[in-house]
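Data block for run-v3.txt (compact mmCIF, C-alpha atoms):
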# COMPACT_ATOMS: atom_id res chain seq x y z
CA MET U 1 -22.57 -6.14 -5.32
CA HIS U 2 -21.86 -9.89 -5.37
CA ASP U 3 -18.62 -11.03 -3.74
CA PRO U 4 -17.21 -14.15 -5.44
CA HIS U 5 -15.47 -15.14 -2.18
CA THR U 6 -18.56 -15.16 0.07
CA GLU U 7 -19.14 -18.90 0.04
CA LEU U 8 -15.44 -19.74 0.47
CA VAL U 9 -15.17 -17.32 3.40
CA ARG U 10 -18.27 -18.83 5.02
CA ARG U 11 -16.91 -22.37 4.69
CA ALA U 12 -13.40 -21.36 5.81
CA ARG U 13 -14.92 -19.75 8.92
CA GLN U 14 -16.56 -23.10 9.65
CA GLY U 15 -13.15 -24.79 9.56
CA SER U 16 -13.04 -26.22 6.03
CA ASP U 17 -9.38 -26.65 5.03
CA ALA U 18 -10.43 -27.17 1.41
CA ALA U 19 -12.31 -23.85 1.40
CA ALA U 20 -9.33 -22.08 2.99
CA THR U 21 -7.04 -23.51 0.32
CA ASP U 22 -9.44 -22.49 -2.45
CA LEU U 23 -9.79 -19.02 -0.94
CA PHE U 24 -6.01 -18.65 -0.75
CA ASP U 25 -5.67 -19.72 -4.39
CA ALA U 26 -8.39 -17.26 -5.41
CA VAL U 27 -6.91 -14.20 -3.67
CA TRP U 28 -3.17 -14.88 -4.03
CA PRO U 29 -2.68 -13.41 -7.54
CA ASP U 30 -4.39 -10.12 -6.66
CA ALA U 31 -2.56 -9.85 -3.33
CA VAL U 32 0.84 -10.36 -4.99
CA ARG U 33 -0.04 -7.98 -7.81
CA THR U 34 -1.11 -5.27 -5.36
CA ALA U 35 2.05 -5.61 -3.27
CA ARG U 36 4.31 -5.78 -6.35
CA THR U 37 2.67 -2.70 -7.84
CA ILE U 38 3.36 -0.71 -4.67
CA LEU U 39 6.74 -2.15 -3.71
CA GLY U 40 8.26 -2.86 -7.11
CA ARG U 41 10.19 -5.89 -5.82
CA SER U 42 8.86 -9.37 -6.51
CA ALA U 43 10.39 -11.31 -3.61
CA VAL U 44 9.34 -8.72 -1.05
CA ALA U 45 5.88 -8.47 -2.65
CA GLU U 46 5.34 -12.21 -2.29
CA ASP U 47 6.35 -12.04 1.37
CA VAL U 48 3.96 -9.14 1.98
CA ALA U 49 1.13 -10.91 0.15
CA GLN U 50 1.65 -14.08 2.17
CA GLU U 51 1.84 -12.20 5.50
CA SER U 52 -1.30 -10.26 4.58
CA ILE U 53 -3.29 -13.38 3.69
CA VAL U 54 -2.16 -15.12 6.87
CA ARG U 55 -3.24 -12.05 8.86
CA ALA U 56 -6.62 -11.94 7.07
CA PHE U 57 -7.23 -15.66 7.62
CA GLY U 58 -6.37 -15.21 11.29
CA GLN U 59 -9.03 -12.53 11.53
CA LEU U 60 -11.79 -14.24 9.52
CA ALA U 61 -14.01 -14.38 12.60
CA ARG U 62 -13.91 -10.56 12.77
CA PHE U 63 -14.43 -10.03 9.01
CA ASP U 64 -17.58 -8.04 8.18
CA GLY U 65 -19.23 -10.25 5.57
CA ARG U 66 -21.33 -7.36 4.27
CA ARG U 67 -18.22 -6.02 2.53
CA PRO U 68 -16.22 -7.78 -0.20
CA PHE U 69 -13.44 -10.00 1.10
CA GLY U 70 -11.13 -8.97 -1.75
CA ALA U 71 -11.40 -5.29 -0.82
CA TRP U 72 -10.71 -6.08 2.84
CA LEU U 73 -7.66 -8.15 1.95
CA ARG U 74 -6.43 -5.45 -0.47
CA ARG U 75 -6.52 -2.94 2.38
CA ILE U 76 -4.39 -5.26 4.52
CA VAL U 77 -1.91 -5.71 1.63
CA VAL U 78 -1.72 -1.95 1.02
CA ASN U 79 -1.14 -1.20 4.70
CA ARG U 80 1.54 -3.88 5.00
CA SER U 81 3.20 -2.63 1.79
CA LEU U 82 3.27 0.91 3.15
CA ASN U 83 4.87 -0.35 6.35
CA VAL U 84 7.56 -2.11 4.32
CA LEU U 85 8.19 1.07 2.30
CA ARG U 86 8.54 3.11 5.48
CA ASP U 87 10.81 0.56 7.11
CA THR U 88 13.00 0.33 4.01
CA ARG U 89 13.37 4.11 3.85
CA ARG U 90 14.32 4.24 7.53
CA LEU U 91 16.94 1.53 7.03
CA VAL U 92 18.44 3.38 4.09
CA ALA U 93 18.59 6.59 6.11
CA LEU U 94 20.23 4.80 9.03
CA ASP U 95 22.77 3.14 6.75
CA GLU U 96 23.53 6.52 5.14
CA GLY U 97 22.36 5.36 1.76
CA LEU U 98 23.96 1.92 1.75
CA PRO U 99 21.64 -0.78 0.38
CA GLY U 100 19.93 -2.76 3.10
CA PRO U 101 19.16 -6.48 3.02
CA GLY U 102 17.29 -7.37 -0.14
CA MET U 103 17.62 -3.88 -1.58
CA SER U 104 20.25 -4.86 -4.13
CA GLU U 105 17.61 -6.85 -5.98
CA ALA U 106 17.10 -5.40 -9.43
CA PRO U 107 13.69 -3.84 -9.79
CA PRO U 108 11.28 -5.66 -12.04
CA GLY U 109 10.83 -4.35 -15.54
CA GLY U 110 8.00 -2.11 -16.39
CA VAL U 111 7.80 1.56 -17.10
CA LEU U 112 5.14 2.22 -14.46
CA ALA U 113 7.20 0.60 -11.69
CA ASP U 114 10.25 2.59 -12.75
CA ALA U 115 8.31 5.83 -13.01
CA ILE U 116 6.61 5.66 -9.60
CA ARG U 117 9.58 4.36 -7.60
CA GLY U 118 10.63 7.89 -6.61
CA LEU U 119 7.20 9.21 -5.68
CA ALA U 120 6.29 9.96 -2.08
CA PRO U 121 4.65 6.85 -0.56
CA ASP U 122 1.11 8.28 -0.45
CA ARG U 123 1.28 9.32 -4.12
CA ARG U 124 3.03 6.10 -5.11
CA VAL U 125 0.28 3.96 -3.61
CA ALA U 126 -2.51 6.00 -5.19
CA VAL U 127 -0.90 5.99 -8.65
CA ALA U 128 0.08 2.31 -8.39
CA LEU U 129 -3.42 1.22 -7.43
CA ARG U 130 -5.02 3.40 -10.10
CA TYR U 131 -2.80 2.54 -13.05
CA GLY U 132 -1.16 -0.71 -11.98
CA MET U 133 -4.28 -2.33 -10.54
CA ASP U 134 -6.86 -0.33 -12.51
CA LEU U 135 -8.87 0.50 -9.38
CA THR U 136 -11.28 3.42 -9.34
CA PRO U 137 -10.63 6.32 -6.94
CA THR U 138 -13.54 5.05 -4.82
CA GLU U 139 -11.99 1.57 -4.56
CA ILE U 140 -8.62 3.10 -3.68
CA ALA U 141 -10.23 5.28 -1.00
CA GLU U 142 -11.75 2.16 0.56
CA ALA U 143 -8.45 0.28 0.36
CA ILE U 144 -6.39 2.96 2.07
CA ASP U 145 -9.14 4.48 4.24
CA VAL U 146 -8.98 8.07 3.03
CA PRO U 147 -11.62 10.28 1.35
CA VAL U 148 -12.06 9.97 -2.42
CA GLY U 149 -10.98 13.60 -2.84
CA THR U 150 -7.69 12.83 -1.13
CA VAL U 151 -7.12 9.91 -3.51
CA LYS U 152 -7.83 12.09 -6.54
CA SER U 153 -5.46 14.75 -5.23
CA ARG U 154 -2.67 12.21 -4.64
CA ILE U 155 -3.14 10.77 -8.11
CA ALA U 156 -3.12 14.23 -9.72
CA ARG U 157 0.01 15.29 -7.85
CA GLY U 158 1.69 11.99 -8.65
CA LEU U 159 0.87 12.45 -12.32
CA GLU U 160 2.42 15.91 -12.27
CA ASP U 161 5.67 14.67 -10.78
CA ARG U 162 8.62 13.86 -12.93
CA VAL U 163 10.37 10.84 -11.57
CA ALA U 164 14.00 9.89 -12.17
CA CYS U 165 14.44 6.19 -12.81
CA PRO U 166 17.43 3.99 -11.93
CA ASP U 167 18.53 3.85 -15.57
CA GLY U 168 18.86 7.64 -15.63
CA ALA U 169 15.81 8.07 -17.86
CA ARG U 170 13.03 10.40 -16.81
CA TYR U 171 9.36 9.73 -17.18
CA ILE U 172 6.25 11.82 -16.98
CA LEU U 173 3.16 10.11 -15.74
CA ASP U 174 0.16 11.01 -17.86
CA ASP U 175 -3.51 10.12 -17.48
CA ARG U 176 -3.38 6.46 -18.59
CA ALA U 177 0.22 5.94 -19.67
CA VAL U 178 3.82 6.63 -18.80
CA PHE U 179 5.94 8.36 -21.42
CA PRO U 180 9.73 8.54 -21.59
CA VAL U 181 10.94 12.11 -21.87
CA THR U 182 14.27 13.26 -23.23
CA ILE U 183 15.70 16.06 -21.15
CA THR U 184 18.69 18.03 -22.36
CA PHE U 185 20.82 20.17 -20.13
CA GLY U 186 23.02 23.01 -21.21

Show me the file's structure as structure tokens.
Amino acid sequence: MHDPHTELVRRARQGSDAAATDLFDAVWPDAVRTARTILGRSAVAEDVAQESIVRAFGQLARFDGRRPFGAWLRRIVVNRSLNVLRDTRRLVALDEGLPGPGMSEAPPGGVLADAIRGLAPDRRVAVALRYGMDLTPTEIAEAIDVPVGTVKSRIARGLEDRVACPDGARYILDDRAVFPVTITFG
């Protein structure tokens, strides 16, 4: 498999500022998209993407060039996004449900983001990467360092879950789409 970033990584390792800038420009959109898909908040996603790229650039000397740079960076973004999710949930628990800093930000539009917001973090990441980023289960397994079977299980369980959204609507995740569902009580 050919990695489009190979030459830029090689030149950036040699100290080329121009290559580092070009590499940043090349990976930024995917890093932000990955973080936004998992976190659902644009400002936080941009911070996570930036921190992840800075971390990756700081570790370029240790990067295994036999693997794609984009996949390596995606794994860093996913791990950092999961840390932010965990930290945010801890803050909410400590504040007894009061919104923490930055949590009053309205979530971005999008049915998928609304539908997965309430999923458990492991299911949320798997579903977000599959349907928000259109990654295969194998690519997801590499990104989050779990077996492919575990990814498939998390996706399947996430798809079975009904998730309540902030607007009170309920959605059912289905194989390639998210459908609003009317639920009547009584």

Next on the checklist: I'd like the neighbourhood of segment 14-23 of chain U as a list in words, where a residue qualifies if any of its atoms comes within 12 Å (using all atoms listed in the file), though same-chain residues fewer than 2 positions away should be ignored.
Outcome noted: Pro4, His5, Thr6, Glu7, Leu8, Val9, Arg10, Arg11, Ala12, Asp25, Ala26, Val27, Trp28, Pro29, Asp30, Ala31, Ile53, Val54, Ala56, Phe57, Gly58, Leu60, Ala61, Phe69, Gly70 and Leu73 of chain U

Hey, can you spit out that residue selection with C-alpha atoms as a compact mmCIF listing (two decimals), in the coordinates of the input?
# COMPACT_ATOMS: atom_id res chain seq x y z
CA PRO U 4 -17.21 -14.15 -5.44
CA HIS U 5 -15.47 -15.14 -2.18
CA THR U 6 -18.56 -15.16 0.07
CA GLU U 7 -19.14 -18.90 0.04
CA LEU U 8 -15.44 -19.74 0.47
CA VAL U 9 -15.17 -17.32 3.40
CA ARG U 10 -18.27 -18.83 5.02
CA ARG U 11 -16.91 -22.37 4.69
CA ALA U 12 -13.40 -21.36 5.81
CA ASP U 25 -5.67 -19.72 -4.39
CA ALA U 26 -8.39 -17.26 -5.41
CA VAL U 27 -6.91 -14.20 -3.67
CA TRP U 28 -3.17 -14.88 -4.03
CA PRO U 29 -2.68 -13.41 -7.54
CA ASP U 30 -4.39 -10.12 -6.66
CA ALA U 31 -2.56 -9.85 -3.33
CA ILE U 53 -3.29 -13.38 3.69
CA VAL U 54 -2.16 -15.12 6.87
CA ALA U 56 -6.62 -11.94 7.07
CA PHE U 57 -7.23 -15.66 7.62
CA GLY U 58 -6.37 -15.21 11.29
CA LEU U 60 -11.79 -14.24 9.52
CA ALA U 61 -14.01 -14.38 12.60
CA PHE U 69 -13.44 -10.00 1.10
CA GLY U 70 -11.13 -8.97 -1.75
CA LEU U 73 -7.66 -8.15 1.95

Checklist entry - Taking (-7.6, 2.5, -5.4) in the file's coordinates as the center, which residues reach within 12 Å of it, counting all atoms listed in the file, put as a ChimeraX atom specification? => result /U:34,37-38,71,74-75,78,122-152,154-155

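Candidate residues U:Val77, U:Ala120, U:Ala156, U:Leu82 were compared for distance to Ser52 of chain U, and the nearest is U:Val77, using all atoms listed in the file.
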
Checklist entry - Hey, can you check how far atom CA of Glu160 of chain U sits from atom CA of Pro121 of chain U? => result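 Between these atoms lies a distance of 15.0 Å.
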
Next on the checklist: Using all atoms listed in the file, which protein or nucleic acid residues come within 10 Å of Arg67 of chain U? Drop anything in the same chain fewer than 5 positions from it, and give the result as a count of residues only.
Outcome noted: 5

Checklist entry - What does the distance from atom CA of Leu39 of chain U to atom CA of Asp87 of chain U come to in Å, to one decimal? => result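 Between atom CA of Leu39 of chain U and atom CA of Asp87 of chain U the gap is 11.9 Å.
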
Checklist entry - Closest to Ala49 of chain U among U:Arg13, U:Arg62, U:Arg33, U:Arg157, using only C-alpha atoms? => result U:Arg33

Next on the checklist: Quick check, in Å to one decimal: how far apart do atom CA of Arg55 of chain U and atom CA of Ser81 of chain U lie?
Outcome noted: 13.4 Å

Set up a box along x, y and z of the file covering all listed atoms of segment 11-26 of chain U, add 8 Å on every one of the six sides, and write the centre and edge lengths in Å to one decimal, as JSON.
{"center_x": -11.3, "center_y": -22.2, "center_z": 2.1, "size_x": 27.2, "size_y": 25.9, "size_z": 31.1}
